[in-house]
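Raw input_8.cif, mmCIF, C-alpha atoms:
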data_my_file
#
loop_
_atom_site.label_atom_id
_atom_site.label_comp_id
_atom_site.auth_asym_id
_atom_site.auth_seq_id
_atom_site.Cartn_x
_atom_site.Cartn_y
_atom_site.Cartn_z
CA MET A 532 72.52 -83.65 -2.23
CA ALA A 533 74.44 -86.28 -4.11
CA ASN A 534 72.34 -89.13 -5.47
CA THR A 535 69.20 -87.00 -5.27
CA LYS A 536 66.97 -86.05 -8.15
CA ILE A 537 64.20 -83.46 -7.90
CA ILE A 538 61.56 -83.62 -10.63
CA PHE A 539 58.76 -81.11 -11.10
CA TYR A 540 56.12 -82.69 -13.33
CA ASP A 541 52.60 -82.27 -14.67
CA PHE A 542 50.16 -84.35 -16.71
CA GLU A 543 47.47 -83.07 -19.04
CA THR A 544 44.78 -85.68 -19.49
CA THR A 545 41.51 -86.41 -21.28
CA GLY A 546 39.63 -85.91 -18.00
CA LEU A 547 39.79 -86.06 -14.23
CA ASN A 548 39.08 -89.74 -13.58
CA VAL A 549 42.37 -91.63 -13.52
CA TYR A 550 40.57 -94.95 -14.00
CA CYS A 551 39.01 -94.12 -17.37
CA GLU A 552 41.02 -91.18 -18.73
CA ASP A 553 44.37 -91.04 -20.49
CA PRO A 554 47.45 -88.81 -20.41
CA ILE A 555 47.81 -86.57 -23.44
CA GLU A 556 50.86 -84.64 -22.28
CA LEU A 557 53.58 -85.06 -19.68
CA ALA A 558 56.23 -82.50 -18.88
CA ALA A 559 58.98 -82.63 -16.29
CA VAL A 560 61.96 -80.51 -15.35
CA ASP A 561 64.67 -81.73 -13.01
CA GLN A 562 66.83 -79.71 -10.62
CA ASP A 563 69.46 -79.22 -13.32
CA GLY A 564 66.98 -77.82 -15.84
CA ASN A 565 66.81 -80.97 -17.97
CA THR A 566 63.40 -81.13 -19.61
CA TYR A 567 61.04 -83.91 -20.65
CA ASN A 568 57.97 -82.89 -22.66
CA ARG A 569 55.88 -85.23 -24.80
CA LEU A 570 52.40 -85.43 -26.22
CA PHE A 571 50.54 -88.76 -26.24
CA LYS A 572 47.60 -90.16 -28.13
CA PRO A 573 44.71 -91.18 -25.84
CA PHE A 574 43.84 -94.87 -26.01
CA GLU A 575 40.66 -95.55 -28.03
CA LYS A 576 39.12 -92.11 -27.49
CA ASP A 577 39.19 -88.59 -28.80
CA ILE A 578 40.11 -85.52 -26.83
CA SER A 579 36.86 -83.76 -25.94
CA LEU A 580 36.20 -80.23 -27.16
CA TYR A 581 36.24 -79.08 -23.53
CA VAL A 582 39.76 -80.45 -22.99
CA GLN A 583 40.91 -79.16 -26.39
CA ASN A 584 39.71 -75.67 -25.46
CA LEU A 585 41.24 -75.92 -21.99
CA THR A 586 44.66 -77.22 -23.02
CA GLY A 587 44.99 -76.26 -26.66
CA ILE A 588 45.90 -79.89 -27.39
CA THR A 589 43.90 -81.16 -30.37
CA ASN A 590 43.27 -84.62 -31.77
CA ASP A 591 45.35 -83.66 -34.83
CA MET A 592 48.32 -82.81 -32.59
CA VAL A 593 48.36 -86.30 -31.05
CA LYS A 594 47.11 -88.53 -33.89
CA ASP A 595 50.63 -89.75 -34.78
CA LYS A 596 51.95 -89.88 -31.20
CA ASP A 597 52.49 -92.97 -29.07
CA TYR A 598 50.18 -94.00 -26.26
CA PHE A 599 51.70 -93.22 -22.86
CA LYS A 600 51.25 -96.85 -21.84
CA ASP A 601 53.52 -97.83 -24.73
CA SER A 602 56.20 -95.19 -24.20
CA TYR A 603 56.38 -94.55 -20.45
CA HIS A 604 59.92 -95.98 -20.55
CA THR A 605 61.06 -92.65 -22.03
CA PHE A 606 59.98 -90.99 -18.79
CA LEU A 607 61.73 -93.68 -16.75
CA ASP A 608 64.88 -92.94 -18.76
CA PHE A 609 64.49 -89.26 -17.85
CA ILE A 610 64.18 -90.16 -14.15
CA GLY A 611 67.25 -92.39 -14.32
CA SER A 612 67.99 -95.50 -12.31
CA SER A 613 71.19 -94.55 -10.53
CA THR A 614 69.57 -92.01 -8.26
CA GLU A 615 69.12 -92.95 -4.60
CA ASN A 616 66.51 -90.33 -3.67
CA VAL A 617 63.90 -89.07 -6.11
CA TYR A 618 61.52 -86.29 -5.12
CA PHE A 619 58.55 -85.66 -7.40
CA ILE A 620 56.84 -82.30 -7.07
CA ALA A 621 53.44 -81.59 -8.59
CA HIS A 622 50.55 -79.26 -7.93
CA ASN A 623 47.65 -81.44 -6.78
CA GLN A 624 50.03 -84.37 -6.47
CA GLY A 625 47.33 -86.95 -5.74
CA PHE A 626 46.03 -86.67 -9.30
CA ASP A 627 49.40 -86.84 -11.05
CA LYS A 628 50.75 -89.56 -8.77
CA LEU A 629 47.76 -91.81 -9.55
CA PHE A 630 48.54 -91.54 -13.27
CA LEU A 631 52.16 -92.48 -12.58
CA LYS A 632 51.10 -95.48 -10.49
CA LYS A 633 48.54 -96.63 -13.07
CA TYR A 634 50.80 -96.44 -16.09
CA LEU A 635 54.19 -97.28 -14.61
CA GLY A 636 52.83 -100.36 -12.86
CA ALA A 637 55.69 -102.49 -11.56
CA SER A 638 58.16 -99.78 -12.59
CA PHE A 639 56.65 -97.40 -10.01
CA ASN A 640 59.23 -97.16 -7.25
CA ARG A 641 57.69 -97.14 -3.78
CA ASN A 642 60.77 -95.34 -2.43
CA TRP A 643 60.09 -92.24 -4.51
CA LYS A 644 59.04 -89.24 -2.42
CA PHE A 645 56.17 -86.97 -3.43
CA ILE A 646 55.65 -83.33 -2.53
CA ASP A 647 52.39 -81.58 -3.30
CA SER A 648 53.00 -77.89 -3.88
CA ILE A 649 49.41 -77.25 -2.68
CA HIS A 650 50.33 -78.61 0.76
CA PHE A 651 53.50 -76.54 0.74
CA ALA A 652 51.49 -73.42 -0.20
CA LYS A 653 48.98 -74.13 2.60
CA LEU A 654 51.85 -74.47 5.05
CA VAL A 655 53.36 -71.13 3.99
CA TRP A 656 50.08 -69.26 3.22
CA PRO A 657 47.38 -70.88 5.40
CA TYR A 658 44.59 -68.41 4.61
CA LYS A 659 44.41 -68.22 0.80
CA SER A 660 40.92 -68.39 -0.69
CA SER A 661 42.16 -70.57 -3.58
CA TYR A 662 45.14 -72.85 -3.94
CA SER A 663 44.91 -73.42 -7.68
CA LEU A 664 48.23 -73.00 -9.45
CA SER A 665 47.02 -70.01 -11.44
CA SER A 666 45.50 -68.30 -8.38
CA LEU A 667 48.68 -68.73 -6.34
CA ALA A 668 50.85 -67.59 -9.24
CA ARG A 669 48.75 -64.49 -9.81
CA SER A 670 48.80 -63.54 -6.14
CA ALA A 671 52.58 -64.03 -6.11
CA GLU A 672 52.92 -62.00 -9.33
CA ILE A 673 54.42 -64.92 -11.25
CA GLU A 674 53.91 -64.67 -15.00
CA ILE A 675 51.62 -67.35 -16.39
CA ILE A 676 52.31 -68.12 -20.05
CA LYS A 677 49.49 -70.55 -20.94
CA GLU A 678 47.60 -72.52 -18.35
CA HIS A 679 46.92 -76.22 -18.77
CA ARG A 680 49.91 -76.98 -20.93
CA ALA A 681 52.15 -79.26 -18.96
CA LEU A 682 55.52 -77.58 -19.49
CA ASN A 683 54.09 -74.10 -18.84
CA ASP A 684 52.45 -75.33 -15.65
CA VAL A 685 55.73 -76.95 -14.53
CA THR A 686 57.60 -73.69 -15.17
CA THR A 687 55.01 -71.76 -13.15
CA MET A 688 55.19 -74.36 -10.38
CA ILE A 689 58.99 -74.07 -10.17
CA GLU A 690 58.76 -70.29 -9.77
CA LEU A 691 56.04 -70.72 -7.13
CA PHE A 692 58.12 -73.35 -5.33
CA LYS A 693 61.11 -70.98 -5.22
CA LEU A 694 58.93 -68.27 -3.70
CA LEU A 695 57.46 -70.69 -1.16
CA SER A 696 61.00 -71.83 -0.34
CA ILE A 697 62.01 -68.24 0.42
CA ARG A 698 59.07 -67.93 2.82
CA PHE A 699 59.73 -71.34 4.39
CA ASN A 700 63.54 -71.44 4.44
CA GLY A 701 64.73 -67.90 3.77
CA SER A 702 66.29 -68.96 0.46
CA ASP A 703 64.98 -69.74 -3.01
CA ASP A 704 67.45 -72.62 -3.31
CA TYR A 705 64.87 -75.34 -2.64
CA LYS A 706 67.53 -77.97 -3.47
CA LEU A 707 69.22 -77.32 -0.13
CA TYR A 708 65.99 -77.82 1.82
CA ILE A 709 64.06 -80.41 -0.17
CA ALA A 710 64.29 -83.12 2.54
CA LYS A 711 63.07 -80.61 5.14
CA ILE A 712 60.23 -79.53 2.84
CA TRP A 713 59.29 -83.18 2.18
CA LYS A 714 59.10 -83.90 5.91
CA ALA A 715 56.96 -80.80 6.47
CA VAL A 716 54.44 -81.60 3.71
CA ASN A 717 54.57 -85.39 3.46
CA PHE A 718 50.82 -85.90 3.21
CA ILE A 719 50.79 -88.05 0.06
#
Have the structure of the file written as C-alpha cells, please.
Amino acid sequence: MANTKIIFYDFETTGLNVYCEDPIELAAVDQDGNTYNRLFKPFEKDISLYVQNLTGITNDMVKDKDYFKDSYHTFLDFIGSSTENVYFIAHNQGFDKLFLKKYLGASFNRNWKFIDSIHFAKLVWPYKSSYSLSSLARSAEIEIIKEHRALNDVTTMIELFKLLSIRFNGSDDYKLYIAKIWKAVNFI
C-alpha cells in the first residue's frame, strides 16, 4: 500500500456541539506507530467540571497551550503532504470529522477517506446492545486504560480494529484490507 497513510485519531472537546465547542486534545497514531498527541486551550472558555471529570483534562493543564485553530498545522505536518491515499479512522467518525472540517478549513482535503469504527463494528457484530468504544472493548476483552483521553481511546480503537479485521478478513493486518474495509463501511 505504497503512498497510503492510515491514521487512527480522536478528539477530546469542551462539549458535543461542534459549532460552539473547542478541541482540548487530539491524538493520532499512523500505521507505522508514529504518534501525535497534543493538548489545546479552548478559545475564550473554560473546561467545564463535567468535562474535567470525564477526561481528566483540567484548565491548569491547558492554560499555557496553543488554541487548536492556531496550531492545526502541526497535525497537517503529521499527516504529511506526499501521501496519495489517506484513511482516517475514528470511533463515531461524524463527530471527529466535523471538528477536522471546521478547524482545517481550506486545508481539509476532500480526497481523504473516513472510516467509522462504529460502522465497521455493526458490520461485523450486527446485534450488539451498545456500540460505544468502551462497551465494544469490554465485550472483546480489550484492556481500557483510561477512557476519554484521546491517545488511550486511539490505542483501544486500534486493538478493536485489529479484532474486527480478524472477523472481517481473517487477519489482524488491517493494512492489507483497508481499501476493502473502506468500501464496506463508507457511510461518512
- Query: On this structure, which residues satisfy the PyMOL selection byres ((chain A and resi 643) around 8), written as a count of residues only?
  - Reply: 9
- Might you spell out which residues the PyMOL selection byres ((chain A and resi 680-684) around 9) would select in the displayed file, as a list in words?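 This file, filtered by the PyMOL selection byres ((chain A and resi 680-684) around 9), leaves Tyr540, Asp541, Phe542, Glu543, Glu556, Leu557, Ala558, Ala559, Val560, Thr566, Tyr567, Asn568, Leu585, Thr586, Gly587, Ile588, His622, Leu664, Ser665, Ile675, Ile676, Lys677, Glu678, His679, Val685, Thr686, Thr687, Met688 and Ile689 of chain A.
Run against this file, the PyMOL selection byres ((chain A and resi 535) around 12) gives back Met532, Ala533, Asn534, Lys536, Ile537, Ile538, Asp561, Gln562, Asp563, Ile610, Gly611, Ser612, Ser613, Thr614, Glu615, Asn616, Val617, Tyr618, Phe619, Trp643, Lys644, Lys706, Leu707, Ile709 and Ala710 of chain A.
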- Message: So the first atom is CA of Lys714 (chain A) and the second is CA of Ile646 (chain A); what is the distance between them in Å, to one decimal place?
- Response: 9.1 Å
- Task: Name the closest residue to Ser670 (chain A) among the candidates A:Leu631, A:Ala652, A:Met592, A:Ile697; distances are taken between atoms, counting only C-alpha atoms.
- Result: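 Counting only C-alpha atoms, the residue closest to Ser670 (chain A) is A:Ala652.
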- Task: Give me the residues within 12 Å of Thr589 (chain A) as an MDAnalysis selection string, counting only C-alpha atoms and dropping any in the same chain fewer than 4 places off.
- Result: chainID A and resid 544:545 555:556 570:573 577:585 593:596 680
- Note on the structure: A straight line from CA of Cys551 (chain A) to CA of Asp647 (chain A) spans 23.1 Å
- Message: Given all atoms listed in the file as the basis, pick out the residue of A:Asp601, A:Lys711, A:Ser661, A:Ala637 nearest to Phe699 (chain A).
- Response: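 Result for the nearest residue to Phe699 (chain A): A:Lys711.
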- Interatomic distance (Å, one decimal) between CA of Asp591 (chain A) and CA of Lys633 (chain A):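 Interatomic distance here is 25.5 Å.
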- In file coordinates, which residues lie within 12 Å of (60.6, -70.3, 6.2) using all atoms listed in the file, given as a list in words? Phe651, Ala652, Leu654, Val655, Trp656, Lys693, Leu694, Leu695, Ser696, Ile697, Arg698, Phe699, Asn700, Gly701, Ser702, Asp703, Asp704, Tyr705, Tyr708, Lys711, Ile712 and Ala715 of chain A
- Pick out the closest residue to Leu629 (chain A) from this set: A:Ile673, A:Val716, A:Val549, A:Ala668. Count all atoms listed in the file.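 Closest to Leu629 (chain A), using all atoms listed in the file: A:Val549.
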Please give the centre and size of the box around region 712-717 of chain A (axis-aligned, containing every atom listed in the file, 8 Å added per side), with values in Å to one decimal and written as lines of an AutoDock Vina configuration file.
center_x = 57.3
center_y = -82.5
center_z = 4.3
size_x = 21.8
size_y = 21.9
size_z = 20.3
Put region 673-709 of chain A into a file with N, CA, C and O atoms, as a compact mmCIF listing (two decimals), in the first residue's frame.
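Once everything was written out, this is decode-v4.txt:
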# COMPACT_ATOMS: atom_id res chain seq x y z
N ILE A 673 -10.68 -6.25 25.57
CA ILE A 673 -9.56 -5.36 25.29
C ILE A 673 -9.38 -4.48 26.52
O ILE A 673 -10.34 -3.88 27.01
N GLU A 674 -8.16 -4.38 26.99
CA GLU A 674 -7.89 -3.56 28.18
C GLU A 674 -8.12 -2.09 27.88
O GLU A 674 -7.63 -1.56 26.87
N ILE A 675 -8.84 -1.43 28.76
CA ILE A 675 -9.09 0.00 28.65
C ILE A 675 -8.28 0.69 29.75
O ILE A 675 -8.47 0.41 30.93
N ILE A 676 -7.38 1.57 29.35
CA ILE A 676 -6.50 2.22 30.33
C ILE A 676 -7.24 3.36 31.02
O ILE A 676 -7.43 3.35 32.22
N LYS A 677 -7.66 4.37 30.31
CA LYS A 677 -8.42 5.50 30.84
C LYS A 677 -9.27 6.02 29.71
O LYS A 677 -8.74 6.49 28.70
N GLU A 678 -10.57 5.92 29.88
CA GLU A 678 -11.48 6.40 28.84
C GLU A 678 -11.43 7.92 28.75
O GLU A 678 -11.15 8.61 29.71
N HIS A 679 -11.76 8.41 27.58
CA HIS A 679 -11.90 9.84 27.30
C HIS A 679 -10.61 10.62 27.45
O HIS A 679 -10.64 11.80 27.77
N ARG A 680 -9.50 9.94 27.21
CA ARG A 680 -8.24 10.61 26.92
C ARG A 680 -7.91 10.16 25.52
O ARG A 680 -7.95 8.96 25.20
N ALA A 681 -7.61 11.09 24.67
CA ALA A 681 -7.53 10.83 23.24
C ALA A 681 -6.57 9.70 22.88
O ALA A 681 -6.93 8.79 22.12
N LEU A 682 -5.35 9.72 23.39
CA LEU A 682 -4.39 8.69 23.00
C LEU A 682 -4.81 7.32 23.51
O LEU A 682 -4.67 6.32 22.80
N ASN A 683 -5.36 7.25 24.71
CA ASN A 683 -5.85 5.97 25.23
C ASN A 683 -6.99 5.44 24.38
O ASN A 683 -7.07 4.24 24.10
N ASP A 684 -7.90 6.33 23.99
CA ASP A 684 -9.02 5.90 23.14
C ASP A 684 -8.53 5.43 21.78
O ASP A 684 -9.05 4.46 21.22
N VAL A 685 -7.52 6.10 21.23
CA VAL A 685 -6.96 5.67 19.94
C VAL A 685 -6.33 4.29 20.08
O VAL A 685 -6.53 3.41 19.23
N THR A 686 -5.59 4.07 21.15
CA THR A 686 -4.96 2.77 21.38
C THR A 686 -6.01 1.66 21.49
O THR A 686 -5.87 0.59 20.90
N THR A 687 -7.09 1.94 22.23
CA THR A 687 -8.19 0.98 22.34
C THR A 687 -8.82 0.74 20.98
O THR A 687 -9.11 -0.41 20.61
N MET A 688 -9.02 1.80 20.22
CA MET A 688 -9.64 1.68 18.90
C MET A 688 -8.79 0.84 17.96
O MET A 688 -9.32 0.04 17.19
N ILE A 689 -7.47 0.98 18.01
CA ILE A 689 -6.59 0.19 17.16
C ILE A 689 -6.74 -1.30 17.49
O ILE A 689 -6.85 -2.14 16.59
N GLU A 690 -6.75 -1.62 18.78
CA GLU A 690 -6.91 -3.02 19.18
C GLU A 690 -8.27 -3.56 18.74
O GLU A 690 -8.38 -4.69 18.26
N LEU A 691 -9.31 -2.75 18.88
CA LEU A 691 -10.64 -3.14 18.43
C LEU A 691 -10.65 -3.34 16.91
O LEU A 691 -11.20 -4.32 16.41
N PHE A 692 -10.02 -2.43 16.20
CA PHE A 692 -9.98 -2.52 14.74
C PHE A 692 -9.27 -3.79 14.28
O PHE A 692 -9.70 -4.43 13.32
N LYS A 693 -8.19 -4.17 14.96
CA LYS A 693 -7.49 -5.41 14.63
C LYS A 693 -8.42 -6.61 14.83
O LYS A 693 -8.46 -7.51 13.98
N LEU A 694 -9.15 -6.61 15.93
CA LEU A 694 -10.08 -7.71 16.19
C LEU A 694 -11.20 -7.75 15.15
O LEU A 694 -11.54 -8.82 14.63
N LEU A 695 -11.74 -6.60 14.81
CA LEU A 695 -12.77 -6.54 13.78
C LEU A 695 -12.21 -7.01 12.44
O LEU A 695 -12.90 -7.68 11.67
N SER A 696 -10.96 -6.67 12.16
CA SER A 696 -10.32 -7.09 10.92
C SER A 696 -10.19 -8.60 10.85
O SER A 696 -10.37 -9.20 9.79
N ILE A 697 -9.88 -9.23 11.98
CA ILE A 697 -9.81 -10.70 12.02
C ILE A 697 -11.17 -11.28 11.65
O ILE A 697 -11.27 -12.20 10.84
N ARG A 698 -12.23 -10.72 12.23
CA ARG A 698 -13.58 -11.23 11.96
C ARG A 698 -14.01 -10.96 10.52
O ARG A 698 -14.72 -11.74 9.92
N PHE A 699 -13.58 -9.84 9.96
CA PHE A 699 -13.99 -9.43 8.62
C PHE A 699 -13.12 -10.05 7.53
O PHE A 699 -13.62 -10.45 6.49
N ASN A 700 -11.81 -10.12 7.79
CA ASN A 700 -10.85 -10.52 6.76
C ASN A 700 -10.08 -11.80 7.08
O ASN A 700 -9.36 -12.29 6.23
N GLY A 701 -10.17 -12.27 8.32
CA GLY A 701 -9.40 -13.45 8.70
C GLY A 701 -7.98 -13.13 9.11
O GLY A 701 -7.17 -14.03 9.32
N SER A 702 -7.64 -11.84 9.20
CA SER A 702 -6.29 -11.43 9.58
C SER A 702 -6.38 -10.12 10.35
O SER A 702 -7.23 -9.28 10.06
N ASP A 703 -5.47 -9.94 11.33
CA ASP A 703 -5.48 -8.68 12.06
C ASP A 703 -4.66 -7.60 11.35
O ASP A 703 -4.55 -6.49 11.83
N ASP A 704 -4.10 -7.92 10.20
CA ASP A 704 -3.33 -6.93 9.45
C ASP A 704 -4.28 -6.07 8.62
O ASP A 704 -4.44 -6.26 7.42
N TYR A 705 -4.93 -5.12 9.30
CA TYR A 705 -5.92 -4.26 8.64
C TYR A 705 -5.29 -3.48 7.48
O TYR A 705 -5.99 -3.07 6.56
N LYS A 706 -3.98 -3.28 7.49
CA LYS A 706 -3.32 -2.51 6.44
C LYS A 706 -3.51 -3.16 5.07
O LYS A 706 -3.62 -2.48 4.06
N LEU A 707 -3.56 -4.49 5.05
CA LEU A 707 -3.75 -5.20 3.79
C LEU A 707 -5.16 -5.02 3.22
O LEU A 707 -5.37 -5.12 2.02
N TYR A 708 -6.11 -4.76 4.09
CA TYR A 708 -7.52 -4.77 3.69
C TYR A 708 -8.20 -3.42 3.83
O TYR A 708 -9.41 -3.33 3.69
N ILE A 709 -7.46 -2.37 4.09
CA ILE A 709 -8.09 -1.09 4.43
C ILE A 709 -9.00 -0.58 3.30
O ILE A 709 -10.07 -0.05 3.56
